[in-house]
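Asker: Compact mmCIF, C-alpha atoms (C1' of nucleotides), file target28.txt:
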```
# COMPACT_ATOMS: atom_id res chain seq x y z
CA MET A 1 -21.52 -87.47 -7.41
CA SER A 2 -18.00 -86.94 -6.09
CA LYS A 3 -17.56 -85.50 -2.63
CA ALA A 4 -16.10 -82.34 -4.13
CA ALA A 5 -19.08 -81.91 -6.41
CA ALA A 6 -21.33 -82.39 -3.41
CA THR A 7 -19.75 -79.57 -1.40
CA ARG A 8 -19.92 -77.35 -4.44
CA LEU A 9 -23.61 -78.09 -4.76
CA THR A 10 -24.17 -77.55 -1.04
CA ILE A 11 -22.61 -74.11 -1.36
CA LEU A 12 -24.78 -73.23 -4.35
CA GLN A 13 -27.99 -74.40 -2.73
CA LYS A 14 -27.45 -72.63 0.56
CA ALA A 15 -26.21 -69.54 -1.26
CA PHE A 16 -29.36 -69.51 -3.35
CA GLU A 17 -31.51 -69.80 -0.25
CA LEU A 18 -29.72 -66.93 1.47
CA ILE A 19 -29.76 -64.79 -1.66
CA TYR A 20 -33.45 -65.46 -2.20
CA THR A 21 -34.38 -64.41 1.30
CA ASN A 22 -31.83 -61.67 1.80
CA GLY A 23 -30.52 -60.34 -1.49
CA TYR A 24 -27.30 -61.06 -3.33
CA ARG A 25 -25.13 -58.18 -2.27
CA THR A 26 -26.30 -58.35 1.33
CA THR A 27 -25.48 -62.03 1.62
CA SER A 28 -21.89 -62.42 2.75
CA ILE A 29 -19.56 -65.28 2.03
CA ASP A 30 -19.12 -65.64 5.78
CA ASP A 31 -22.89 -66.19 6.00
CA ILE A 32 -22.73 -68.90 3.39
CA ILE A 33 -19.83 -70.79 4.90
CA ALA A 34 -21.32 -70.50 8.39
CA GLN A 35 -24.61 -71.99 7.22
CA THR A 36 -23.02 -74.76 5.19
CA GLY A 37 -20.16 -75.69 7.49
CA VAL A 38 -17.89 -75.42 4.48
CA THR A 39 -14.70 -73.51 5.19
CA LYS A 40 -13.54 -70.43 3.36
CA GLY A 41 -10.70 -72.37 1.81
CA ALA A 42 -13.17 -74.80 0.27
CA PHE A 43 -15.37 -71.97 -0.92
CA TYR A 44 -12.55 -70.24 -2.73
CA TYR A 45 -11.32 -73.50 -4.12
CA HIS A 46 -14.63 -73.96 -5.93
CA PHE A 47 -15.25 -70.32 -6.86
CA ALA A 48 -12.74 -67.67 -7.81
CA ASN A 49 -14.84 -64.98 -6.16
CA LYS A 50 -18.33 -64.13 -5.01
CA ASP A 51 -19.64 -63.10 -8.40
CA GLU A 52 -18.51 -66.32 -10.04
CA MET A 53 -20.56 -68.16 -7.45
CA GLY A 54 -23.46 -65.87 -8.25
CA PHE A 55 -23.26 -66.84 -11.91
CA ALA A 56 -23.16 -70.49 -10.96
CA VAL A 57 -26.34 -70.05 -8.93
CA ILE A 58 -28.07 -68.47 -11.90
CA ASN A 59 -26.78 -70.82 -14.57
CA GLU A 60 -26.71 -74.10 -12.67
CA LEU A 61 -29.53 -73.82 -10.16
CA LEU A 62 -32.12 -71.42 -11.53
CA ASP A 63 -31.83 -72.32 -15.16
CA SER A 64 -33.22 -75.66 -16.25
CA SER A 65 -34.58 -76.41 -12.79
CA SER A 66 -38.21 -77.36 -13.05
CA TYR A 67 -38.12 -76.18 -16.64
CA ALA A 68 -39.76 -79.37 -17.90
CA VAL A 69 -42.57 -79.18 -15.37
CA PHE A 70 -43.57 -75.73 -16.53
CA GLU A 71 -43.40 -76.68 -20.16
CA ALA A 72 -45.80 -79.52 -19.48
CA MET A 73 -48.19 -77.20 -17.67
CA LEU A 74 -48.15 -74.82 -20.61
CA HIS A 75 -49.34 -77.57 -22.97
CA LYS A 76 -51.84 -79.24 -20.71
CA THR A 77 -55.07 -78.38 -22.54
CA GLY A 78 -53.74 -76.60 -25.61
CA ASN A 79 -55.81 -73.55 -24.73
CA PRO A 80 -53.32 -70.85 -23.70
CA ALA A 81 -55.89 -68.93 -21.70
CA GLN A 82 -56.34 -71.97 -19.49
CA ASP A 83 -52.77 -73.24 -19.51
CA ILE A 84 -51.10 -69.91 -18.80
CA TYR A 85 -53.59 -69.15 -16.07
CA GLY A 86 -53.02 -72.57 -14.57
CA LEU A 87 -49.26 -72.21 -14.57
CA ILE A 88 -49.25 -68.77 -13.04
CA LYS A 89 -51.85 -69.65 -10.47
CA TYR A 90 -49.70 -72.61 -9.52
CA LEU A 91 -46.58 -70.45 -9.25
CA LEU A 92 -48.33 -67.88 -7.09
CA LEU A 93 -50.47 -70.01 -4.84
CA ASP A 94 -49.15 -73.56 -4.75
CA SER A 95 -45.44 -73.75 -5.54
CA LYS A 96 -43.39 -74.63 -2.48
CA GLU A 97 -40.20 -73.17 -3.89
CA MET A 98 -41.33 -69.59 -3.52
CA VAL A 99 -42.71 -67.71 -0.55
CA VAL A 100 -44.87 -64.64 -0.80
CA GLU A 101 -42.67 -62.55 1.49
CA TYR A 102 -39.56 -63.16 -0.63
CA GLY A 103 -41.09 -62.85 -4.06
CA CYS A 104 -39.72 -64.34 -7.26
CA PRO A 105 -36.02 -65.29 -7.17
CA ILE A 106 -35.41 -64.32 -10.77
CA GLY A 107 -37.35 -61.09 -10.40
CA ASN A 108 -35.41 -60.22 -7.28
CA LEU A 109 -32.04 -60.82 -8.87
CA THR A 110 -33.00 -58.94 -12.00
CA GLN A 111 -34.01 -55.94 -10.03
CA GLU A 112 -31.01 -55.95 -7.72
CA LEU A 113 -28.24 -56.81 -10.13
CA SER A 114 -29.15 -55.59 -13.62
CA SER A 115 -27.77 -52.11 -13.15
CA PHE A 116 -24.99 -53.32 -10.87
CA ASN A 117 -23.36 -55.68 -13.32
CA ARG A 118 -24.29 -56.11 -16.98
CA ASP A 119 -22.99 -59.66 -17.01
CA PHE A 120 -25.56 -60.59 -14.39
CA ALA A 121 -28.22 -58.84 -16.42
CA ASN A 122 -27.28 -60.86 -19.48
CA ALA A 123 -27.32 -64.14 -17.59
CA LEU A 124 -30.76 -63.29 -16.25
CA MET A 125 -31.97 -62.26 -19.69
CA GLN A 126 -31.07 -65.69 -21.00
CA LEU A 127 -33.00 -67.28 -18.17
CA SER A 128 -35.96 -65.04 -18.70
CA SER A 129 -36.03 -65.55 -22.44
CA HIS A 130 -36.46 -69.29 -21.86
CA TRP A 131 -39.70 -68.56 -20.08
CA GLN A 132 -40.78 -66.04 -22.65
CA LYS A 133 -40.23 -68.46 -25.52
CA LEU A 134 -42.15 -71.22 -23.76
CA MET A 135 -45.13 -69.01 -23.14
CA GLU A 136 -44.95 -67.45 -26.57
CA GLN A 137 -45.03 -70.89 -28.16
CA SER A 138 -48.08 -71.76 -26.14
CA ILE A 139 -49.87 -68.72 -27.54
CA VAL A 140 -48.73 -69.33 -31.11
CA ASN A 141 -50.05 -72.88 -30.89
CA GLY A 142 -53.27 -71.58 -29.38
CA LYS A 143 -53.72 -69.23 -32.30
CA LYS A 144 -53.30 -72.06 -34.78
CA ALA A 145 -55.82 -74.14 -32.86
CA GLY A 146 -58.31 -71.28 -32.87
CA TYR A 147 -58.20 -70.66 -29.14
CA ILE A 148 -56.69 -67.21 -29.54
CA ARG A 149 -57.62 -64.43 -31.95
CA ALA A 150 -55.42 -64.13 -35.00
CA ASP A 151 -54.61 -60.47 -34.38
CA VAL A 152 -53.07 -61.17 -30.97
CA ASN A 153 -49.34 -60.42 -30.82
CA ALA A 154 -47.89 -63.35 -28.90
CA ARG A 155 -44.59 -61.75 -27.93
CA GLN A 156 -46.36 -58.62 -26.79
CA VAL A 157 -48.80 -60.59 -24.68
CA VAL A 158 -45.96 -62.51 -23.05
CA TYR A 159 -44.25 -59.28 -21.99
CA PHE A 160 -47.55 -58.12 -20.59
CA ILE A 161 -48.20 -61.26 -18.58
CA ILE A 162 -44.71 -61.80 -17.19
CA SER A 163 -44.48 -58.13 -16.26
CA GLY A 164 -47.70 -58.47 -14.35
CA TYR A 165 -46.39 -61.58 -12.67
CA TRP A 166 -43.21 -59.86 -11.54
CA GLY A 167 -45.16 -56.86 -10.39
CA ILE A 168 -47.67 -58.77 -8.35
CA ARG A 169 -44.78 -60.60 -6.69
CA ASN A 170 -43.70 -57.16 -5.53
CA PHE A 171 -47.15 -56.39 -4.19
CA GLY A 172 -47.12 -59.68 -2.33
CA LYS A 173 -43.83 -58.86 -0.66
CA MET A 174 -45.10 -55.44 0.28
CA GLU A 175 -48.41 -56.58 1.70
CA GLY A 176 -46.91 -59.70 3.26
CA ASN A 177 -49.72 -62.00 2.17
CA LYS A 178 -51.33 -63.56 -0.88
CA ASN A 179 -54.47 -61.43 -1.01
CA SER A 180 -53.16 -59.32 -3.83
CA TYR A 181 -52.25 -62.49 -5.73
CA LYS A 182 -55.87 -63.56 -5.74
CA ILE A 183 -57.14 -60.19 -6.87
CA TRP A 184 -54.59 -60.03 -9.64
CA LEU A 185 -55.37 -63.58 -10.78
CA LYS A 186 -59.01 -62.65 -11.25
CA GLU A 187 -58.07 -59.84 -13.57
CA LEU A 188 -55.54 -62.04 -15.35
CA LYS A 189 -58.39 -64.40 -16.13
CA ASN A 190 -60.42 -61.52 -17.57
CA TYR A 191 -57.48 -60.36 -19.63
CA LEU A 192 -56.80 -63.84 -21.00
CA ALA A 193 -60.49 -64.27 -21.85
CA GLY A 194 -60.20 -61.10 -23.91
CA LEU A 195 -57.60 -62.77 -26.11
CA GLN A 196 -60.04 -65.43 -27.22
CA MET B 1 -35.44 -22.42 4.79
CA SER B 2 -32.97 -22.44 7.65
CA LYS B 3 -29.43 -23.57 6.98
CA ALA B 4 -29.99 -26.64 9.12
CA ALA B 5 -33.10 -27.58 7.16
CA ALA B 6 -31.11 -27.12 3.98
CA THR B 7 -28.38 -29.56 4.98
CA ARG B 8 -31.04 -32.03 6.05
CA LEU B 9 -32.67 -31.74 2.65
CA THR B 10 -29.32 -32.06 0.89
CA ILE B 11 -28.71 -35.31 2.72
CA LEU B 12 -32.14 -36.64 1.81
CA GLN B 13 -31.85 -35.72 -1.84
CA LYS B 14 -28.39 -37.16 -2.35
CA ALA B 15 -29.34 -40.22 -0.33
CA PHE B 16 -32.35 -40.76 -2.55
CA GLU B 17 -30.21 -40.48 -5.64
CA LEU B 18 -27.67 -42.99 -4.35
CA ILE B 19 -30.36 -45.36 -3.13
CA TYR B 20 -32.18 -45.15 -6.43
CA THR B 21 -29.13 -46.02 -8.44
CA ASN B 22 -27.48 -48.40 -6.01
CA GLY B 23 -29.98 -49.83 -3.54
CA TYR B 24 -30.67 -48.90 0.05
CA ARG B 25 -28.62 -51.43 1.92
CA THR B 26 -25.67 -51.10 -0.43
CA THR B 27 -25.54 -47.35 -0.06
CA SER B 28 -23.31 -46.46 2.87
CA ILE B 29 -23.52 -43.42 5.09
CA ASP B 30 -19.92 -42.72 4.15
CA ASP B 31 -21.05 -42.58 0.52
CA ILE B 32 -23.73 -40.09 1.37
CA ILE B 33 -21.55 -37.78 3.40
CA ALA B 34 -18.76 -37.96 0.83
CA GLN B 35 -21.14 -36.95 -1.97
CA THR B 36 -22.82 -34.20 -0.01
CA GLY B 37 -19.80 -32.75 1.78
CA VAL B 38 -21.81 -33.01 4.98
CA THR B 39 -19.85 -34.48 7.86
CA LYS B 40 -20.81 -37.53 9.83
CA GLY B 41 -21.50 -35.40 12.87
CA ALA B 42 -24.04 -33.39 10.92
CA PHE B 43 -25.59 -36.54 9.49
CA TYR B 44 -26.13 -38.07 12.90
CA TYR B 45 -27.38 -34.81 14.28
CA HIS B 46 -30.24 -34.88 11.78
CA PHE B 47 -30.92 -38.63 11.81
CA ALA B 48 -30.66 -41.05 14.71
CA ASN B 49 -29.53 -43.83 12.38
CA LYS B 50 -29.55 -44.97 8.77
CA ASP B 51 -33.05 -46.40 8.82
CA GLU B 52 -34.55 -43.22 10.19
CA MET B 53 -33.03 -41.42 7.23
CA GLY B 54 -34.52 -44.09 4.98
CA PHE B 55 -37.96 -43.40 6.36
CA ALA B 56 -37.46 -39.69 5.84
CA VAL B 57 -36.59 -40.33 2.19
CA ILE B 58 -39.77 -42.32 1.75
CA ASN B 59 -42.08 -40.06 3.69
CA GLU B 60 -40.68 -36.65 2.84
CA LEU B 61 -39.24 -37.04 -0.64
CA LEU B 62 -41.13 -39.81 -2.41
CA ASP B 63 -44.52 -39.18 -0.95
CA SER B 64 -46.34 -36.09 -2.13
CA SER B 65 -43.64 -35.26 -4.66
CA SER B 66 -45.24 -34.72 -8.02
CA TYR B 67 -48.44 -36.17 -6.60
CA ALA B 68 -50.52 -33.28 -7.93
CA VAL B 69 -49.10 -33.59 -11.43
CA PHE B 70 -50.14 -37.21 -11.69
CA GLU B 71 -53.57 -36.53 -10.33
CA ALA B 72 -54.07 -33.93 -13.04
CA MET B 73 -52.94 -36.35 -15.74
CA LEU B 74 -55.40 -38.94 -14.47
CA HIS B 75 -58.29 -36.53 -14.98
CA LYS B 76 -57.23 -34.96 -18.23
CA THR B 77 -59.96 -36.31 -20.54
CA GLY B 78 -62.16 -38.16 -18.09
CA ASN B 79 -61.72 -41.36 -20.09
CA PRO B 80 -59.61 -43.68 -17.91
CA ALA B 81 -58.38 -45.72 -20.85
CA GLN B 82 -56.84 -42.57 -22.28
CA ASP B 83 -55.78 -40.93 -19.05
CA ILE B 84 -54.16 -43.99 -17.49
CA TYR B 85 -52.39 -44.81 -20.71
CA GLY B 86 -51.18 -41.23 -20.96
CA LEU B 87 -49.85 -41.18 -17.42
CA ILE B 88 -48.04 -44.47 -17.69
CA LYS B 89 -46.62 -43.69 -21.08
CA TYR B 90 -45.33 -40.45 -19.63
CA LEU B 91 -43.78 -42.21 -16.66
CA LEU B 92 -42.06 -44.79 -18.83
CA LEU B 93 -40.94 -42.74 -21.79
CA ASP B 94 -40.80 -39.08 -20.87
CA SER B 95 -40.30 -38.53 -17.15
CA LYS B 96 -36.84 -37.20 -16.36
CA GLU B 97 -36.90 -38.39 -12.78
CA MET B 98 -36.55 -42.03 -13.68
CA VAL B 99 -34.04 -43.83 -15.85
CA VAL B 100 -34.66 -47.13 -17.54
CA GLU B 101 -31.56 -48.78 -16.11
CA TYR B 102 -32.53 -47.99 -12.53
CA GLY B 103 -36.24 -48.74 -12.72
CA CYS B 104 -38.92 -47.36 -10.46
CA PRO B 105 -37.69 -45.99 -7.10
CA ILE B 106 -40.74 -47.16 -5.20
CA GLY B 107 -40.70 -50.55 -6.87
CA ASN B 108 -37.02 -50.96 -6.10
CA LEU B 109 -37.42 -50.10 -2.43
CA THR B 110 -40.46 -52.32 -2.10
CA GLN B 111 -38.62 -55.25 -3.49
CA GLU B 112 -35.45 -54.72 -1.49
CA LEU B 113 -36.86 -53.75 1.87
CA SER B 114 -40.29 -55.33 2.32
CA SER B 115 -39.00 -58.59 3.74
CA PHE B 116 -36.06 -56.92 5.45
CA ASN B 117 -38.06 -54.58 7.63
CA ARG B 118 -41.84 -54.55 8.01
CA ASP B 119 -41.82 -50.87 8.95
CA PHE B 120 -40.36 -50.04 5.57
CA ALA B 121 -42.96 -52.24 3.93
CA ASN B 122 -45.72 -50.36 5.72
CA ALA B 123 -44.34 -46.97 4.76
CA LEU B 124 -44.15 -48.09 1.15
CA MET B 125 -47.67 -49.51 1.29
CA GLN B 126 -48.95 -46.11 2.32
CA LEU B 127 -47.13 -44.53 -0.58
CA SER B 128 -48.40 -47.12 -2.99
CA SER B 129 -51.97 -46.91 -1.79
CA HIS B 130 -51.99 -43.22 -2.68
CA TRP B 131 -51.34 -44.16 -6.27
CA GLN B 132 -53.84 -46.98 -6.19
CA LYS B 133 -56.60 -44.74 -4.87
CA LEU B 134 -55.90 -42.10 -7.47
CA MET B 135 -56.09 -44.56 -10.32
CA GLU B 136 -59.07 -46.34 -8.82
CA GLN B 137 -60.95 -43.07 -8.61
CA SER B 138 -60.21 -42.39 -12.24
CA ILE B 139 -61.78 -45.71 -13.19
CA VAL B 140 -64.78 -45.25 -10.92
CA ASN B 141 -65.42 -41.88 -12.50
CA GLY B 142 -64.97 -43.39 -15.92
CA LYS B 143 -67.59 -46.00 -15.16
CA LYS B 144 -70.07 -43.34 -14.10
CA ALA B 145 -69.38 -41.42 -17.28
CA GLY B 146 -69.93 -44.52 -19.38
CA TYR B 147 -66.33 -44.84 -20.54
CA ILE B 148 -65.79 -48.12 -18.73
CA ARG B 149 -68.05 -51.15 -18.54
CA ALA B 150 -70.12 -51.46 -15.40
CA ASP B 151 -68.85 -54.95 -14.57
CA VAL B 152 -65.23 -53.82 -14.39
CA ASN B 153 -63.73 -54.13 -10.91
CA ALA B 154 -61.77 -50.92 -10.44
CA ARG B 155 -59.58 -52.06 -7.57
CA GLN B 156 -58.75 -55.27 -9.38
CA VAL B 157 -57.84 -53.43 -12.56
CA VAL B 158 -55.57 -51.09 -10.62
CA TYR B 159 -53.64 -54.01 -9.15
CA PHE B 160 -53.31 -55.41 -12.62
CA ILE B 161 -52.02 -52.22 -14.18
CA ILE B 162 -49.60 -51.21 -11.45
CA SER B 163 -48.23 -54.73 -11.28
CA GLY B 164 -47.60 -54.60 -14.97
CA TYR B 165 -45.92 -51.25 -14.58
CA TRP B 166 -43.59 -52.52 -11.86
CA GLY B 167 -42.86 -55.62 -13.85
CA ILE B 168 -42.02 -53.84 -17.06
CA ARG B 169 -39.68 -51.59 -15.09
CA ASN B 170 -37.85 -54.77 -14.21
CA PHE B 171 -37.68 -55.81 -17.85
CA GLY B 172 -36.31 -52.41 -18.71
CA LYS B 173 -33.53 -52.74 -16.16
CA MET B 174 -32.70 -56.19 -17.40
CA GLU B 175 -32.63 -55.31 -21.08
CA GLY B 176 -31.02 -51.95 -20.48
CA ASN B 177 -33.25 -50.05 -22.90
CA LYS B 178 -36.81 -48.92 -23.46
CA ASN B 179 -37.76 -51.39 -26.19
CA SER B 180 -39.73 -53.56 -23.81
CA TYR B 181 -41.55 -50.46 -22.55
CA LYS B 182 -42.90 -49.81 -26.01
CA ILE B 183 -44.01 -53.38 -26.54
CA TRP B 184 -45.71 -53.46 -23.17
CA LEU B 185 -47.44 -50.12 -23.78
CA LYS B 186 -49.02 -51.49 -26.94
CA GLU B 187 -50.54 -54.34 -25.04
CA LEU B 188 -51.59 -52.01 -22.24
CA LYS B 189 -53.55 -50.06 -24.80
CA ASN B 190 -55.26 -53.24 -25.98
CA TYR B 191 -56.05 -54.21 -22.42
CA LEU B 192 -57.50 -50.81 -21.58
CA ALA B 193 -59.59 -50.86 -24.74
CA GLY B 194 -61.07 -54.12 -23.50
CA LEU B 195 -62.41 -52.36 -20.45
CA GLN B 196 -64.57 -50.08 -22.54
C1' DG C 1 2.05 -98.02 -2.62
C1' DC C 2 3.24 -93.55 -3.71
C1' DA C 3 3.76 -89.14 -5.96
C1' DA C 4 1.09 -85.54 -7.67
C1' DA C 5 -2.88 -83.30 -8.11
C1' DT C 6 -7.17 -82.23 -5.95
C1' DA C 7 -9.82 -80.73 -2.07
C1' DC C 8 -10.26 -78.52 2.11
C1' DA C 9 -8.60 -75.92 6.71
C1' DT C 10 -6.71 -72.12 9.26
C1' DA C 11 -5.09 -67.82 10.08
C1' DC C 12 -4.68 -63.68 8.55
C1' DC C 13 -5.47 -58.86 5.98
C1' DA C 14 -6.84 -54.11 4.44
C1' DA C 15 -10.99 -51.78 3.50
C1' DT C 16 -15.56 -50.69 4.68
C1' DT C 17 -19.57 -50.78 7.66
C1' DG C 18 -22.92 -48.23 11.02
C1' DG C 19 -22.33 -45.81 14.95
C1' DT C 20 -20.37 -42.98 19.17
C1' DA C 21 -17.88 -39.58 22.11
C1' DT C 22 -16.15 -35.29 22.29
C1' DT C 23 -15.04 -30.97 20.78
C1' DT C 24 -15.85 -26.81 18.13
C1' DT C 25 -18.56 -23.62 15.61
C1' DT C 26 -22.80 -21.15 14.59
C1' DC C 27 -27.18 -19.40 15.55
C1' DT C 28 -30.80 -17.31 18.60
C1' DA C 29 -33.21 -15.17 22.27
C1' DT C 30 -32.68 -11.99 25.90
C1' DA D 1 -22.99 -8.61 23.96
C1' DT D 2 -23.43 -13.03 25.83
C1' DA D 3 -25.20 -17.36 27.66
C1' DG D 4 -27.27 -21.36 26.14
C1' DA D 5 -28.84 -24.18 22.69
C1' DA D 6 -28.54 -25.91 18.08
C1' DA D 7 -25.63 -27.46 14.40
C1' DA D 8 -21.63 -29.32 12.69
C1' DA D 9 -16.73 -31.12 12.75
C1' DT D 10 -13.23 -34.60 14.13
C1' DA D 11 -11.47 -38.62 15.70
C1' DC D 12 -12.29 -42.82 16.96
C1' DC D 13 -14.38 -47.91 17.42
C1' DA D 14 -15.76 -52.87 17.03
C1' DA D 15 -17.75 -55.71 13.66
C1' DT D 16 -18.08 -57.20 9.05
C1' DT D 17 -16.66 -57.34 4.25
C1' DG D 18 -14.33 -59.99 0.16
C1' DG D 19 -10.19 -62.00 -0.44
C1' DT D 20 -5.31 -64.24 0.22
C1' DA D 21 -1.34 -67.07 1.82
C1' DT D 22 -0.04 -71.11 3.46
C1' DG D 23 -0.75 -75.04 5.38
C1' DT D 24 -2.82 -80.07 5.76
C1' DA D 25 -5.71 -83.80 4.36
C1' DT D 26 -7.75 -86.62 0.78
C1' DT D 27 -8.18 -88.64 -3.93
C1' DT D 28 -6.49 -90.26 -8.05
C1' DG D 29 -3.61 -92.21 -11.72
C1' DC D 30 0.14 -95.18 -12.29
```
Mind converting the file's structure to C-alpha cells?
Answerer:
Amino acid sequence: MSKAAATRLTILQKAFELIYTNGYRTTSIDDIIAQTGVTKGAFYYHFANKDEMGFAVINELLDSSSYAVFEAMLHKTGNPAQDIYGLIKYLLLDSKEMVVEYGCPIGNLTQELSSFNRDFANALMQLSSHWQKLMEQSIVNGKKAGYIRADVNARQVVYFIISGYWGIRNFGKMEGNKNSYKIWLKELKNYLAGLQ
Amino acid sequence: MSKAAATRLTILQKAFELIYTNGYRTTSIDDIIAQTGVTKGAFYYHFANKDEMGFAVINELLDSSSYAVFEAMLHKTGNPAQDIYGLIKYLLLDSKEMVVEYGCPIGNLTQELSSFNRDFANALMQLSSHWQKLMEQSIVNGKKAGYIRADVNARQVVYFIISGYWGIRNFGKMEGNKNSYKIWLKELKNYLAGLQ
DNA sequence: GCAAATACATACCAATTGGTATTTTTCTAT
DNA sequence: ATAGAAAAATACCAATTGGTATGTATTTGC
C-alpha cells in the first residue's frame, strides 16, 4: 500500500471509530485530524468534504468487512434457526468490534443520517440489503431442507429479526449492559423454534 | 396558565419538534429561539442550560403524554395478541404524532444520547419502563384469562416486541416509506399468534 | 536527474455554537 | 400607586465548526 493510501485509510479508520462512539454529525474534522496526526491539508486532499469521507467510511469500511465471516456462520449447520441464532448471539455477546454502550454502527448511522441526507440513507440501504439477502437465503435453503415450515415468508422473517436486533442494540445502549441482550436472545430462540 | 409558563411550554414544544426531526445535539438554541420568537434571555431564564431543557422535554413532554390513550388500547379486548397488535399498528400506521422519516422520538433520543450522557439514558429508561410495564401487564392479564400460554415469559416478550418496534422504525427511516412497517406487522401478527 | 504531478503542511476565514452580563419591561403583592 | 421580584430583551464572548488559499515536501514518470 502506498503511503498516501495508508494515510487515507488511517483517516477512515479513526473517523469510523469516532463516529461509532460519538455520532457522525457530532464528530468534527478537527477531532479526526487531532486523533490521527494527519493535517487538515492532507484530509482535504483525500476527501472533498466531510460527507464524502462519510460515504467512504460506509462504502469502504463497513461494507464487505467481515462479510465472508458472517456468510459462513449463516451456513454452518444448514438449519436457519440454529445458524441465525448463532450469528446474532455472536454479534451481541462475543464480537469485539461492537460495544454494548455504542450499539450497532450501521443502526446508529441509519438512525442519525437517513432523514438528514437521502444519499446516506441509500448507501446504508445497500449495506443493509446485503445482510438481508444473506439471511433470507439461509431461510430459503432451510425451507428446502425441511428445517423451516413451507408457509414461512423468508423476507418477512428477516425484517422481523433484523428489526429486533437493531432494537435490542438500542436497549443495550440505554441500559448500559448486556442483560437485555440475554433476555432478548431467549425470546429470539423461541421465535425461531416457532418457524420450524 | 401564566404567560411565563406559556413561553416555557412554547420553548419545550418547538424544541421537541426540532429535536425529533433533527436530533438533540444538532439542534441549536439559536434554532429554537428563532423558531419560537422567544429571545435568548427568556430561554436562559427558564432553563439553566441546554441539557436542562432536554430533560424537561423528556420528563414533561414525552412522559405522560398520551399515556392514558395507550393504556386503554392495551386493554381493549383483553386478548394481548389483539391489543398489542392494535396498539403497535396504530403507532406505526395511524398516529399523527410520528412520521416515518423521523422514526420514534424516544428511540431516537435513546440512540443518540445514551452513551453521551448517562443522566439522559436514565431519564429515557424511566420513560421506557413505563411502556414496558404497561405491555407486560397486558400479557400477564392475558395469561390469567387463558389468552396466552402459561409458559410465556411476559417480560421477555415485551423486550422482544419493543425491540422490534424500535428496529422497524429504523427501517422506515432508512427506506423512507411505510412498506417495511406493513411487512413487519404481518410477522408480528404471526409471532403473537404463536404465544396463544 | 529533473520536471510535473501528487501528497501533505500551515495559516487563515466566516459562520455557528452554548453561554453570560447587563439592561429593560412586565407582573404581583401590599 | 409603587417597590420589589419575575420575566424578557439586547449585546456581547470565546470556542468550535467546515472549509479554503497558499505554501512546501515528496513521489513518480521519463
Asker: Leaving out B:Val99 and any residue of its chain fewer than 6 positions from it, which residues lie within 12 Å of it when counting all atoms listed in the file, given as number ranges by chain?
Answerer: A: 115; B: 17, 20-21, 91-93, 105, 169-170, 172-173, 176-178
Asker: Residues proximal to (-2.6, -84.9, -5.8) were defined as those with any atom within 8 Å of that point in the file's coordinates, counting all atoms listed in the file. Which are they, as a PyMOL selection string?
Answerer: (chain C and resi 3-6) or (chain D and resi 27-28)
Asker: Quick check: residues of chain D within 9 Å of chain B, only C-alpha atoms (C1' of nucleotides), returned as a list in words.
Answerer: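 My answer is DA7, DA8, DA9 and DT10 of chain D.
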Asker: Could you name the residues that touch B:Lys89 at 9 Å or less, counting only C-alpha atoms (C1' of nucleotides), but leaving out those on the same chain fewer than 4 positions away, as a PDB file with C-alpha atoms, keeping the file's coordinate frame?
Answerer:
```pdb
ATOM      1  CA  ILE B  84     -54.160 -43.990 -17.490  1.00  0.00           C
ATOM      2  CA  TYR B  85     -52.390 -44.810 -20.710  1.00  0.00           C
ATOM      3  CA  LEU B  93     -40.940 -42.740 -21.790  1.00  0.00           C
ATOM      4  CA  ASP B  94     -40.800 -39.080 -20.870  1.00  0.00           C
ATOM      5  CA  TYR B 181     -41.550 -50.460 -22.550  1.00  0.00           C
ATOM      6  CA  LYS B 182     -42.900 -49.810 -26.010  1.00  0.00           C
ATOM      7  CA  LEU B 185     -47.440 -50.120 -23.780  1.00  0.00           C
TER       8      LEU B 185
END
```
Asker: Residues at most 12 Å from A:Ala68, counting only C-alpha atoms (C1' of nucleotides), excluding those fewer than 6 positions away in the same chain, as a PyMOL selection string?
Answerer: chain A and resi 74-75+130-131+134
